[in-house]
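**Q** The following block contains the structure, expressed as structure tokens.
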Amino acid sequence: MVTEGTLLWEPSDARRRAAVLTRFFEAVGQAGADPQDVWRWSVDHLDDFWDELWRFAGVLGDRGDGPVLADRSMPGATWFPTARLNYAENALSRPWDDAHPAVLGHREDGREVRIEHAELIDLVARTAAGLRRLGVQQGDRVVGVLPNAEHALIAFLASASIGAIWSSCSPDFGASGVLDRFRQIEPTVLIGVDGYVYNGKRHATLDRLASLTPELPTLKATVLVPYLEQDATLDGWVTWDELLAEPAEPDYVRLPFDAPLWILYSSGTTGLPKPIVQGHGGIVLEHMKQLLLHTDLGPGERFFWFSTTGWMMWNLLVSGLLVGSTVVTFDGSPGYPDLGTLWRMAEQSEVTVFGTSAPYLTSCQNAGLVPRDEADLRRIKTLGSTGAPLSPEGFAWVYDAVAPKDAPDLLLASVSGGTDVCTAFAAGLPVAAVYAGEIQTRSFGVAAAAFDPDGNEVVDDVGELVVTAPMPSMPLGFWGDDDGSRLRESYFEEFPGVWRHGDWCKVISARGSMAIYGRSDSTLNRGGVRMGTAEFYRVVDEVEGVADSLVVEAGGKLLLFVVLDEGAELDDDFRKRVSTTLRNELTPRHVPDRIEAVPDVPRTLNGKKLEVPVKRILEGVDPDKAVSTGAVADPESLEPFLAFAKHS
């Protein structure tokens with residue numbers, strides 16, 4: 001039986017020798033060292049670590065002669081105060097392997113795109129020149145309502161090259177969700193598509209786009225990408241071809257290290273989403289570190305992560321260019337026409353690093369899928385998982401069903417981080433073993449720890465995930481939060497001077513690894529026994545007949561909502577089986593007071609369960625205040641909970 005801590009995989013000697021991390025250890029005089037000793041050095045000597053990383057990764061720009069970390073306070077740390085660089089220059093000026101393109105794009109309906117490196121540089125230069133013609137200047141905001149295809153990647157790099165600030169969301173966002181984000185940042189140019197394809201259907205978006213422009217009075221121009229229909233137009237709008245019409249030479253404006261690069265958003269499930277500003281230098285360094293050292297990515301590799309342009313993983317995916325890799329994009333449903341779609345795409349594109357969400361892996365597992373029988377996956381050397389904790393059984397399934405039997409040297413790199421920093425606090429370790437349910441290491445340069453309620457560090461016990469020293473990619477601020485009060489309230493109020501992320505975690509002393517147990521603001525506290533929801537789901541979702549579940553503690557009651565497998569029935573026997581399983585596997589205190597069936601579990605557009613908004617609804621909070629429907633993947637999934645609250 002697989003439990004948390006079961007050994008599942010160890011890298012071969014060849015894998016260890018070939019890892020980028022091994023070369024980094026050698027470069028910093030730590031050859032053969034225990035990785036946890038190197039992690040400790042990286043957080044105890046932040047200046048030395050990040051300076052070495054700059055050199056090892058070959059960051060393009062002027063390092064300057066100033067210190068690495070001029071001010072260590074949180075918030076407000078100042079990194080590389082005299083450095084100047086540009087994200088786009090670093091992404092487009094790597095030494096390229098001509099056998100591999102810059103971008104391989106796939107769409108659910110079969111459309112494919114291949115962009116070579118010289119072509120990508122030309123497209124970005126043309127787009128940047130077009131943006132300048134439309135009046136975009138350094139510091140202006142360029143926003144996109146775009147699918148995960150080449151247009152978003154090109155438009156972002158063009159914006160970054162001239163020092164404009166990028167922000168995007170996917171075209172399946174409702175108009176209110178788009179406006180909740182973009183109205184806050186007063187964009188100069190909007191780029192959108194006429195529609196998108198998802199789950200076998202074509203969805204038109206022209207009318208929705210047209211409704212946005214009057215609500216964004218700072219727009220100087222709107223650009224239309226004919227994504228579904230080649231002749232799609234709107235009066236007064238610039239076409240994508242017109243934007244790129246004039247030839248131009250690459251021109252990268254080198255900016256201060258902390259110059260704003262993009263604006264990401266909190267999930268926005270309650271109130272307006274927080275517009276999180278991150279900088280050129282912090283993202284270049286942080287993403288190079290994450291991809292090189294933890295993901296084992298580099299030149300000649302092909303990098304895929306399933307995402308939309310509204311999730312931070314899209315930003316990390318594009319950063320594959322920073323380390324000379326081919327970026328592989330996919331636009332569409334991962335379940336259409338079946339769950340094997342992404343695995344077959346990986347074979348077709350010769351993907352070497354395959355990233356996805358834990359819920360997708362769990363869906364494949366629950367469906368009985370054996371991906372290695374669906375496609376030749378022998379080229380995949382790293383499989384990334386994020387978005388939610390992956391259960392120990394999910395870890396084991398990867399090695400049982402994904403890793404090819406004749407090529408088992410597959411690193412399962414489970415990672416946990418956040419949009420707030422656009423990276424991982426805990427990540428993969430290519431030179432170390434994988435244990436079920438454990439993320440292999442705290443990320444290098446990240447002083448992550450677990451705190452008890454009194455702010456004391458705990459080990460081998462569950463606590464609040466905190467970061468006790470600055471990270472380069474921590475937010476420069478929230479857009480419009482001039483005095484920094486919202487930023488401090490969001491991360492630094494609980495433990496002054498320490499970043500509190502809002503997850504339950506455990507640092508495992510034997511290996512320096514970390515386990516994540518879900519959001520701390522949705523903790524189940526029953527009779528003084530506190531438990532993260534991830535641990536609860538791991539047990540419930542293994543019960544026969546349960547397809548998905550949501551648990552909340554509201555009004556003093558523990559309420560479990562289940563989505564039933566086809567043919568299953570929520571009767572007394574079913575409830576008894578669930579309760580008995582929870583009593584035996586967890587504690588008697590965590591047997592639900594009520595178990596109800598629902599058609600679907602409400603999730604954000606990024607696939608995260610809406611535990612806190614549902615809890616607020618069930619406690620009588622006005623639904624309009626409890627949740628922003630523009631941030632919900634399927635607003636109708638909330639209806640059963642609204643009805644439950646009304647009649648309880």
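Ligands are numbered from 1 in the order shown, residues from 1 within each chain, and chains are lettered A, B, ... in the order they appear in the structure tokens.
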For His100 (chain A), work out the shell of residues within 9 Å, counting only C-alpha atoms and skipping chain neighbours fewer than 6 positions away, then give it as a list in words.
**A**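 Result of the neighbour search: Glu116, His117, Gly300, Glu301, Arg302, Ser325 and Thr326 of chain A.
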**Q** Which polymer residues have any atom within 10 Å of an atom of Phe451 (chain A), counting only C-alpha atoms, with same-chain residues fewer than 3 positions away left out, as number ranges by chain?
**A** A: 448, 454-459, 461-467, 495, 500, 504-506
**Q** Got time to write the residues from that selection, N, CA and C atoms, as an mmCIF file, in the first residue's frame?
**A**
```
data_model
loop_
_atom_site.group_PDB
_atom_site.id
_atom_site.type_symbol
_atom_site.label_atom_id
_atom_site.label_comp_id
_atom_site.auth_asym_id
_atom_site.auth_seq_id
_atom_site.Cartn_x
_atom_site.Cartn_y
_atom_site.Cartn_z
ATOM 1 N N ALA A 448 11.756 28.878 2.807
ATOM 2 C CA ALA A 448 10.421 28.410 3.176
ATOM 3 C C ALA A 448 10.487 27.614 4.473
ATOM 4 N N ASP A 454 1.991 30.653 16.858
ATOM 5 C CA ASP A 454 2.748 31.665 17.600
ATOM 6 C C ASP A 454 3.966 32.169 16.833
ATOM 7 N N GLY A 455 4.131 31.707 15.591
ATOM 8 C CA GLY A 455 5.254 32.164 14.794
ATOM 9 C C GLY A 455 6.545 31.427 15.057
ATOM 10 N N ASN A 456 6.460 30.223 15.630
ATOM 11 C CA ASN A 456 7.648 29.406 15.857
ATOM 12 C C ASN A 456 7.784 28.383 14.728
ATOM 13 N N GLU A 457 8.996 28.161 14.269
ATOM 14 C CA GLU A 457 9.213 27.193 13.192
ATOM 15 C C GLU A 457 9.004 25.777 13.718
ATOM 16 N N VAL A 458 8.296 24.971 12.944
ATOM 17 C CA VAL A 458 8.057 23.574 13.310
ATOM 18 C C VAL A 458 8.555 22.676 12.184
ATOM 19 N N VAL A 459 9.018 21.493 12.561
ATOM 20 C CA VAL A 459 9.506 20.494 11.617
ATOM 21 C C VAL A 459 8.810 19.178 11.934
ATOM 22 N N ASP A 461 5.855 18.506 11.543
ATOM 23 C CA ASP A 461 4.510 18.794 12.025
ATOM 24 C C ASP A 461 3.898 19.812 11.069
ATOM 25 N N VAL A 462 2.577 19.804 10.965
ATOM 26 C CA VAL A 462 1.901 20.687 10.020
ATOM 27 C C VAL A 462 1.849 22.108 10.563
ATOM 28 N N GLY A 463 2.165 23.064 9.703
ATOM 29 C CA GLY A 463 2.108 24.467 10.081
ATOM 30 C C GLY A 463 1.804 25.334 8.881
ATOM 31 N N GLU A 464 1.812 26.637 9.108
ATOM 32 C CA GLU A 464 1.577 27.604 8.036
ATOM 33 C C GLU A 464 2.829 27.709 7.158
ATOM 34 N N LEU A 465 2.636 27.671 5.842
ATOM 35 C CA LEU A 465 3.744 27.880 4.921
ATOM 36 C C LEU A 465 4.139 29.349 4.935
ATOM 37 N N VAL A 466 5.399 29.613 5.273
ATOM 38 C CA VAL A 466 5.909 30.986 5.324
ATOM 39 C C VAL A 466 7.232 31.052 4.572
ATOM 40 N N VAL A 467 7.630 32.276 4.240
ATOM 41 C CA VAL A 467 8.949 32.529 3.657
ATOM 42 C C VAL A 467 9.583 33.623 4.500
ATOM 43 N N PHE A 495 2.382 37.440 10.461
ATOM 44 C CA PHE A 495 3.728 37.348 11.030
ATOM 45 C C PHE A 495 4.537 38.516 10.455
ATOM 46 N N ARG A 500 3.432 35.121 4.759
ATOM 47 C CA ARG A 500 2.511 34.006 5.044
ATOM 48 C C ARG A 500 1.721 33.726 3.783
ATOM 49 N N TRP A 504 -1.257 25.033 4.285
ATOM 50 C CA TRP A 504 -0.723 24.163 5.320
ATOM 51 C C TRP A 504 0.386 23.327 4.709
ATOM 52 N N CYS A 505 1.477 23.168 5.433
ATOM 53 C CA CYS A 505 2.582 22.369 4.924
ATOM 54 C C CYS A 505 3.293 21.670 6.069
ATOM 55 N N LYS A 506 4.158 20.744 5.698
ATOM 56 C CA LYS A 506 5.012 20.069 6.683
ATOM 57 C C LYS A 506 6.397 19.911 6.071
#
```
**Q** Counting only C-alpha atoms, what is within 9 Å of region 185-190 of chain A, bar same-chain residues fewer than 5 positions away, as number ranges by chain?
**A** A: 131, 134-136, 140-145, 213, 216-224, 263, 275, 479-480
**Q** With only C-alpha atoms as the counted atoms, please give the residues lying no more than 9 Å from Pro171 (chain A), apart from itself and same-chain residues fewer than 3 positions off, as a ChimeraX atom specification.
**A** /A:144-147,174,178,192-193,195-196,205,309
**Q** For the selection you just gave me, I'd like the residues written to a file as a CSV table (one decimal), in the first residue's frame, keeping all heavy atoms.
**A**
```csv
chain,number,residue,atom,x,y,z
A,144,GLY,N,-4.3,41.3,-23.1
A,144,GLY,CA,-4.7,40.4,-24.1
A,144,GLY,C,-5.9,39.5,-23.5
A,144,GLY,O,-5.8,39.1,-22.4
A,145,VAL,N,-6.9,39.3,-24.4
A,145,VAL,CA,-7.9,38.3,-24.1
A,145,VAL,C,-7.7,37.2,-25.2
A,145,VAL,O,-8.3,37.3,-26.2
A,145,VAL,CB,-9.3,38.9,-24.2
A,145,VAL,CG1,-10.4,37.9,-23.8
A,145,VAL,CG2,-9.5,40.1,-23.3
A,146,LEU,N,-6.8,36.3,-24.8
A,146,LEU,CA,-6.2,35.5,-25.9
A,146,LEU,C,-6.0,34.0,-25.4
A,146,LEU,O,-5.8,33.8,-24.2
A,146,LEU,CB,-4.8,36.0,-26.2
A,146,LEU,CG,-4.7,37.4,-26.9
A,146,LEU,CD1,-3.3,37.9,-26.9
A,146,LEU,CD2,-5.3,37.3,-28.3
A,147,PRO,N,-6.2,33.1,-26.3
A,147,PRO,CA,-5.9,31.7,-25.9
A,147,PRO,C,-4.4,31.4,-25.9
A,147,PRO,O,-3.6,32.2,-26.2
A,147,PRO,CB,-6.6,30.9,-27.1
A,147,PRO,CG,-6.5,31.9,-28.3
A,147,PRO,CD,-6.6,33.3,-27.7
A,174,GLY,N,-15.7,35.6,-18.5
A,174,GLY,CA,-16.8,36.4,-18.8
A,174,GLY,C,-16.4,37.9,-18.8
A,174,GLY,O,-15.4,38.3,-18.3
A,178,VAL,N,-13.2,39.9,-17.0
A,178,VAL,CA,-12.2,40.7,-17.7
A,178,VAL,C,-12.1,42.1,-17.2
A,178,VAL,O,-11.0,42.6,-16.9
A,178,VAL,CB,-12.5,40.7,-19.3
A,178,VAL,CG1,-11.5,41.6,-20.0
A,178,VAL,CG2,-12.4,39.3,-19.8
A,192,GLY,N,-7.5,41.0,-28.7
A,192,GLY,CA,-8.4,39.9,-28.5
A,192,GLY,C,-8.7,39.1,-29.7
A,192,GLY,O,-8.3,39.4,-30.8
A,193,VAL,N,-9.3,37.9,-29.5
A,193,VAL,CA,-9.7,37.0,-30.6
A,193,VAL,C,-11.1,37.0,-30.9
A,193,VAL,O,-12.0,37.4,-30.0
A,193,VAL,CB,-9.2,35.6,-30.3
A,193,VAL,CG1,-7.7,35.4,-30.3
A,193,VAL,CG2,-9.7,35.1,-28.9
A,195,GLY,N,-12.9,34.3,-31.3
A,195,GLY,CA,-13.5,33.2,-30.7
A,195,GLY,C,-12.4,32.1,-30.3
A,195,GLY,O,-11.2,32.4,-30.5
A,196,TYR,N,-12.9,31.0,-29.8
A,196,TYR,CA,-11.9,29.9,-29.4
A,196,TYR,C,-12.6,28.6,-29.6
A,196,TYR,O,-13.9,28.5,-29.8
A,196,TYR,CB,-11.4,30.1,-28.0
A,196,TYR,CG,-12.5,30.1,-26.9
A,196,TYR,CD1,-12.7,28.9,-26.2
A,196,TYR,CD2,-13.2,31.2,-26.6
A,196,TYR,CE1,-13.7,28.9,-25.2
A,196,TYR,CE2,-14.2,31.2,-25.7
A,196,TYR,CZ,-14.5,30.0,-25.0
A,196,TYR,OH,-15.4,30.0,-24.0
A,205,THR,N,-16.6,35.2,-29.6
A,205,THR,CA,-16.4,36.2,-28.6
A,205,THR,C,-16.4,37.6,-29.1
A,205,THR,O,-16.1,38.6,-28.3
A,205,THR,CB,-15.0,36.0,-27.9
A,205,THR,OG1,-14.0,36.1,-28.9
A,205,THR,CG2,-14.9,34.6,-27.2
A,309,THR,N,-3.9,31.4,-20.6
A,309,THR,CA,-3.2,32.6,-20.4
A,309,THR,C,-3.6,33.4,-19.2
A,309,THR,O,-3.1,34.4,-18.9
A,309,THR,CB,-3.4,33.6,-21.6
A,309,THR,OG1,-4.8,33.8,-21.8
A,309,THR,CG2,-2.8,32.9,-22.9
```
**Q** Restricting the calculation to only C-alpha atoms, which member of A:Val43, A:Ala424, A:Leu570, A:Met74 is positioned closest to Val498 (chain A)?
**A**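 Once distances to Val498 (chain A) are computed over only C-alpha atoms, the minimum belongs to A:Met74.
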**Q** Please report the interatomic distance between CA of Lys625 (chain A) and CA of Lys609 (chain A) in Å with one decimal.
**A**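 One can read the CA of Lys625 (chain A) to CA of Lys609 (chain A) distance as 17.6 Å.
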**Q** Please extract the residues of region 311-413 of chain A with a backbone DSSP assignment of strand (DSSP E) and present them as a list in words.
**A**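 Here is the list: Thr326, Val327, Val328, Thr329, Phe330, Asp331, Val353, Phe354, Gly355, Thr356, Ser357, Thr382, Leu383, Gly384, Ser385, Thr386, Leu411, Leu412 and Ala413 of chain A.
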**Q** Output N, CA and C atoms for every residue in that selection, as a JSON list (two decimals), in the first residue's frame.
**A**
```json
[["chain", "number", "residue", "atom", "x", "y", "z"],
["A", 326, "THR", "N", 12.36, 24.78, -26.65],
["A", 326, "THR", "CA", 11.16, 24.96, -27.47],
["A", 326, "THR", "C", 9.94, 25.01, -26.56],
["A", 327, "VAL", "N", 9.08, 26.00, -26.77],
["A", 327, "VAL", "CA", 7.84, 26.11, -26.02],
["A", 327, "VAL", "C", 6.73, 25.43, -26.82],
["A", 328, "VAL", "N", 6.05, 24.49, -26.18],
["A", 328, "VAL", "CA", 4.95, 23.75, -26.82],
["A", 328, "VAL", "C", 3.65, 24.21, -26.19],
["A", 329, "THR", "N", 2.75, 24.76, -27.01],
["A", 329, "THR", "CA", 1.48, 25.26, -26.49],
["A", 329, "THR", "C", 0.33, 24.36, -26.94],
["A", 330, "PHE", "N", -0.73, 24.37, -26.15],
["A", 330, "PHE", "CA", -1.96, 23.63, -26.51],
["A", 330, "PHE", "C", -3.15, 24.48, -26.10],
["A", 331, "ASP", "N", -4.06, 24.67, -27.04],
["A", 331, "ASP", "CA", -5.29, 25.43, -26.76],
["A", 331, "ASP", "C", -6.48, 24.50, -26.96],
["A", 353, "VAL", "N", 9.80, 17.76, -21.25],
["A", 353, "VAL", "CA", 9.29, 18.16, -19.94],
["A", 353, "VAL", "C", 7.80, 18.43, -20.11],
["A", 354, "PHE", "N", 6.99, 17.63, -19.43],
["A", 354, "PHE", "CA", 5.53, 17.66, -19.58],
["A", 354, "PHE", "C", 4.93, 18.12, -18.26],
["A", 355, "GLY", "N", 4.25, 19.27, -18.28],
["A", 355, "GLY", "CA", 3.65, 19.79, -17.05],
["A", 355, "GLY", "C", 2.14, 19.84, -17.16],
["A", 356, "THR", "N", 1.48, 19.62, -16.04],
["A", 356, "THR", "CA", 0.03, 19.65, -16.01],
["A", 356, "THR", "C", -0.42, 19.90, -14.56],
["A", 357, "SER", "N", -1.71, 19.74, -14.32],
["A", 357, "SER", "CA", -2.24, 19.95, -12.97],
["A", 357, "SER", "C", -2.47, 18.61, -12.28],
["A", 382, "THR", "N", 10.95, 14.69, -17.37],
["A", 382, "THR", "CA", 10.39, 15.35, -16.18],
["A", 382, "THR", "C", 8.90, 15.53, -16.39],
["A", 383, "LEU", "N", 8.12, 15.10, -15.41],
["A", 383, "LEU", "CA", 6.68, 15.31, -15.43],
["A", 383, "LEU", "C", 6.34, 16.24, -14.27],
["A", 384, "GLY", "N", 5.85, 17.44, -14.58],
["A", 384, "GLY", "CA", 5.53, 18.43, -13.56],
["A", 384, "GLY", "C", 4.06, 18.39, -13.17],
["A", 385, "SER", "N", 3.80, 18.58, -11.89],
["A", 385, "SER", "CA", 2.43, 18.59, -11.38],
["A", 385, "SER", "C", 2.27, 19.75, -10.41],
["A", 386, "THR", "N", 1.19, 20.52, -10.57],
["A", 386, "THR", "CA", 0.93, 21.62, -9.65],
["A", 386, "THR", "C", -0.56, 21.94, -9.67],
["A", 411, "LEU", "N", 11.48, 11.78, -13.72],
["A", 411, "LEU", "CA", 11.35, 12.59, -12.51],
["A", 411, "LEU", "C", 9.93, 13.13, -12.42],
["A", 412, "LEU", "N", 9.22, 12.79, -11.36],
["A", 412, "LEU", "CA", 7.94, 13.42, -11.06],
["A", 412, "LEU", "C", 8.23, 14.65, -10.20],
["A", 413, "ALA", "N", 8.14, 15.83, -10.82],
["A", 413, "ALA", "CA", 8.46, 17.07, -10.12],
["A", 413, "ALA", "C", 7.17, 17.73, -9.68]]
```
**Q** Neighbours of Ala102 (chain A) within 12 Å (only C-alpha atoms; same-chain residues fewer than 3 positions away dropped), as a ChimeraX atom specification?
**A** /A:91-99,105,113-121,123,150,153-154,299-303,318-329
**Q** Those residues with N, CA, C and O atoms, as a short mmCIF file (atom, residue, chain, number, x, y, z; two decimals), in the first residue's frame please?
**A**
```
data_model
loop_
_atom_site.label_atom_id
_atom_site.label_comp_id
_atom_site.auth_asym_id
_atom_site.auth_seq_id
_atom_site.Cartn_x
_atom_site.Cartn_y
_atom_site.Cartn_z
N ALA A 91 14.92 36.19 -23.55
CA ALA A 91 14.13 35.10 -24.13
C ALA A 91 14.49 34.85 -25.59
O ALA A 91 14.36 33.71 -26.07
N LEU A 92 14.91 35.88 -26.30
CA LEU A 92 15.08 35.77 -27.75
C LEU A 92 16.53 35.78 -28.20
O LEU A 92 16.80 35.73 -29.40
N SER A 93 17.47 35.82 -27.28
CA SER A 93 18.88 35.93 -27.66
C SER A 93 19.71 34.77 -27.12
O SER A 93 20.93 34.89 -26.95
N ARG A 94 19.08 33.63 -26.87
CA ARG A 94 19.81 32.46 -26.41
C ARG A 94 20.55 31.80 -27.57
O ARG A 94 20.14 31.93 -28.73
N PRO A 95 21.59 31.02 -27.30
CA PRO A 95 22.17 30.17 -28.35
C PRO A 95 21.17 29.05 -28.67
O PRO A 95 20.82 28.25 -27.80
N TRP A 96 20.68 29.00 -29.91
CA TRP A 96 19.62 28.08 -30.25
C TRP A 96 20.16 26.82 -30.91
O TRP A 96 21.13 26.86 -31.66
N ASP A 97 19.49 25.73 -30.67
CA ASP A 97 19.73 24.48 -31.38
C ASP A 97 18.84 24.50 -32.62
O ASP A 97 17.61 24.43 -32.52
N ASP A 98 19.45 24.60 -33.81
CA ASP A 98 18.67 24.77 -35.03
C ASP A 98 17.78 23.57 -35.36
O ASP A 98 16.91 23.66 -36.22
N ALA A 99 18.01 22.45 -34.69
CA ALA A 99 17.16 21.29 -34.93
C ALA A 99 15.80 21.42 -34.26
O ALA A 99 14.90 20.62 -34.52
N GLY A 105 2.87 24.95 -31.74
CA GLY A 105 1.54 25.22 -31.24
C GLY A 105 0.52 24.19 -31.71
O GLY A 105 0.55 23.78 -32.87
N VAL A 113 1.03 24.97 -35.50
CA VAL A 113 1.92 26.07 -35.85
C VAL A 113 3.34 25.69 -35.47
O VAL A 113 3.56 25.11 -34.40
N ARG A 114 4.28 26.01 -36.33
CA ARG A 114 5.71 25.84 -36.03
C ARG A 114 6.39 27.16 -36.34
O ARG A 114 6.27 27.68 -37.46
N ILE A 115 7.09 27.71 -35.35
CA ILE A 115 7.77 28.99 -35.53
C ILE A 115 9.25 28.80 -35.22
O ILE A 115 9.61 28.40 -34.11
N GLU A 116 10.08 29.08 -36.21
CA GLU A 116 11.52 28.98 -36.00
C GLU A 116 12.01 30.21 -35.23
O GLU A 116 11.32 31.22 -35.11
N HIS A 117 13.23 30.15 -34.75
CA HIS A 117 13.74 31.22 -33.90
C HIS A 117 13.84 32.54 -34.63
O HIS A 117 13.42 33.59 -34.12
N ALA A 118 14.42 32.54 -35.83
CA ALA A 118 14.55 33.79 -36.58
C ALA A 118 13.18 34.38 -36.88
O ALA A 118 12.99 35.61 -36.84
N GLU A 119 12.22 33.50 -37.16
CA GLU A 119 10.86 33.97 -37.44
C GLU A 119 10.23 34.60 -36.20
O GLU A 119 9.57 35.64 -36.29
N LEU A 120 10.44 33.99 -35.04
CA LEU A 120 9.87 34.54 -33.81
C LEU A 120 10.48 35.92 -33.51
O LEU A 120 9.75 36.85 -33.14
N ILE A 121 11.77 36.05 -33.67
CA ILE A 121 12.42 37.35 -33.44
C ILE A 121 11.82 38.40 -34.36
O ILE A 121 11.53 39.54 -33.94
N LEU A 123 8.79 38.36 -35.82
CA LEU A 123 7.40 38.62 -35.45
C LEU A 123 7.31 39.53 -34.23
O LEU A 123 6.46 40.43 -34.16
N GLU A 150 0.25 31.20 -30.34
CA GLU A 150 1.42 32.03 -30.63
C GLU A 150 1.16 33.52 -30.47
O GLU A 150 2.08 34.29 -30.15
N LEU A 153 1.97 34.80 -26.90
CA LEU A 153 3.40 34.77 -26.65
C LEU A 153 4.11 35.91 -27.38
O LEU A 153 4.95 36.61 -26.80
N ILE A 154 3.76 36.13 -28.64
CA ILE A 154 4.38 37.20 -29.44
C ILE A 154 4.05 38.57 -28.86
O ILE A 154 4.92 39.43 -28.71
N PRO A 299 18.68 23.90 -23.33
CA PRO A 299 18.68 23.96 -24.80
C PRO A 299 18.41 22.58 -25.42
O PRO A 299 18.88 21.56 -24.92
N GLY A 300 17.64 22.60 -26.50
CA GLY A 300 17.32 21.35 -27.18
C GLY A 300 16.16 20.59 -26.58
O GLY A 300 15.72 19.58 -27.12
N GLU A 301 15.64 21.07 -25.42
CA GLU A 301 14.49 20.43 -24.79
C GLU A 301 13.19 20.97 -25.38
O GLU A 301 13.18 22.06 -25.99
N ARG A 302 12.12 20.24 -25.19
CA ARG A 302 10.80 20.70 -25.61
C ARG A 302 9.89 20.72 -24.38
O ARG A 302 9.68 19.69 -23.74
N PHE A 303 9.37 21.90 -24.08
CA PHE A 303 8.73 22.18 -22.80
C PHE A 303 7.25 22.46 -23.00
O PHE A 303 6.86 23.35 -23.75
N VAL A 318 6.13 30.21 -21.11
CA VAL A 318 6.82 31.10 -22.04
C VAL A 318 8.29 31.24 -21.65
O VAL A 318 9.17 31.35 -22.51
N SER A 319 8.57 31.18 -20.36
CA SER A 319 9.95 31.34 -19.89
C SER A 319 10.84 30.18 -20.28
O SER A 319 12.07 30.24 -20.06
N GLY A 320 10.29 29.14 -20.87
CA GLY A 320 11.14 28.10 -21.45
C GLY A 320 12.12 28.69 -22.45
O GLY A 320 13.23 28.17 -22.64
N LEU A 321 11.72 29.79 -23.10
CA LEU A 321 12.62 30.46 -24.04
C LEU A 321 13.86 31.02 -23.34
O LEU A 321 14.92 31.15 -23.97
N LEU A 322 13.74 31.37 -22.07
CA LEU A 322 14.87 31.93 -21.33
C LEU A 322 16.04 30.95 -21.24
O LEU A 322 17.20 31.36 -21.09
N VAL A 323 15.74 29.65 -21.29
CA VAL A 323 16.80 28.64 -21.15
C VAL A 323 17.03 27.90 -22.46
O VAL A 323 17.63 26.82 -22.49
N GLY A 324 16.55 28.48 -23.57
CA GLY A 324 16.84 27.93 -24.89
C GLY A 324 16.00 26.76 -25.31
O GLY A 324 16.37 26.03 -26.24
N SER A 325 14.84 26.54 -24.67
CA SER A 325 13.99 25.40 -24.99
C SER A 325 12.87 25.78 -25.96
O SER A 325 12.50 26.95 -26.06
N THR A 326 12.36 24.78 -26.65
CA THR A 326 11.16 24.96 -27.47
C THR A 326 9.94 25.01 -26.56
O THR A 326 9.78 24.16 -25.68
N VAL A 327 9.08 26.00 -26.77
CA VAL A 327 7.84 26.11 -26.02
C VAL A 327 6.73 25.43 -26.82
O VAL A 327 6.50 25.76 -27.99
N VAL A 328 6.05 24.49 -26.18
CA VAL A 328 4.95 23.75 -26.82
C VAL A 328 3.65 24.21 -26.19
O VAL A 328 3.45 24.08 -24.97
N THR A 329 2.75 24.76 -27.01
CA THR A 329 1.48 25.26 -26.49
C THR A 329 0.33 24.36 -26.94
O THR A 329 0.41 23.68 -27.97
#
```
**Q** List the spatial neighbours of Tyr399 (chain A) as a list in words - criterion: any atom at most 10 Å away, only C-alpha atoms, same-chain residues fewer than 4 positions off excluded.
**A** Leu8, Trp9, Gly394, Phe395, Ala403, Pro404, Lys405, Pro408, Asp409, Leu410, Leu411 and Leu412 of chain A
**Q** May I have the residues within 12 Å of Val540 (chain A) as a count of residues only, using only C-alpha atoms and disregarding those fewer than 2 positions away in the same chain?
**A** 38
**Q** Between CA of Asp47 (chain A) and CA of Asn315 (chain A), what is the spacing in Å?
**A**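 These two atoms are separated by 25.6 Å.
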**Q** Just give me the gap between CA of Thr419 (chain A) and CA of Tyr87 (chain A) in Å, one decimal is fine.
**A** 18.2 Å
**Q** With distances taken over only C-alpha atoms, which residue among A:Ile508, A:Leu297, A:Ala164, A:Leu487 lies nearest Ala449 (chain A)?
**A**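 Ranked by minimum distance to Ala449 (chain A), first place goes to A:Ile508.
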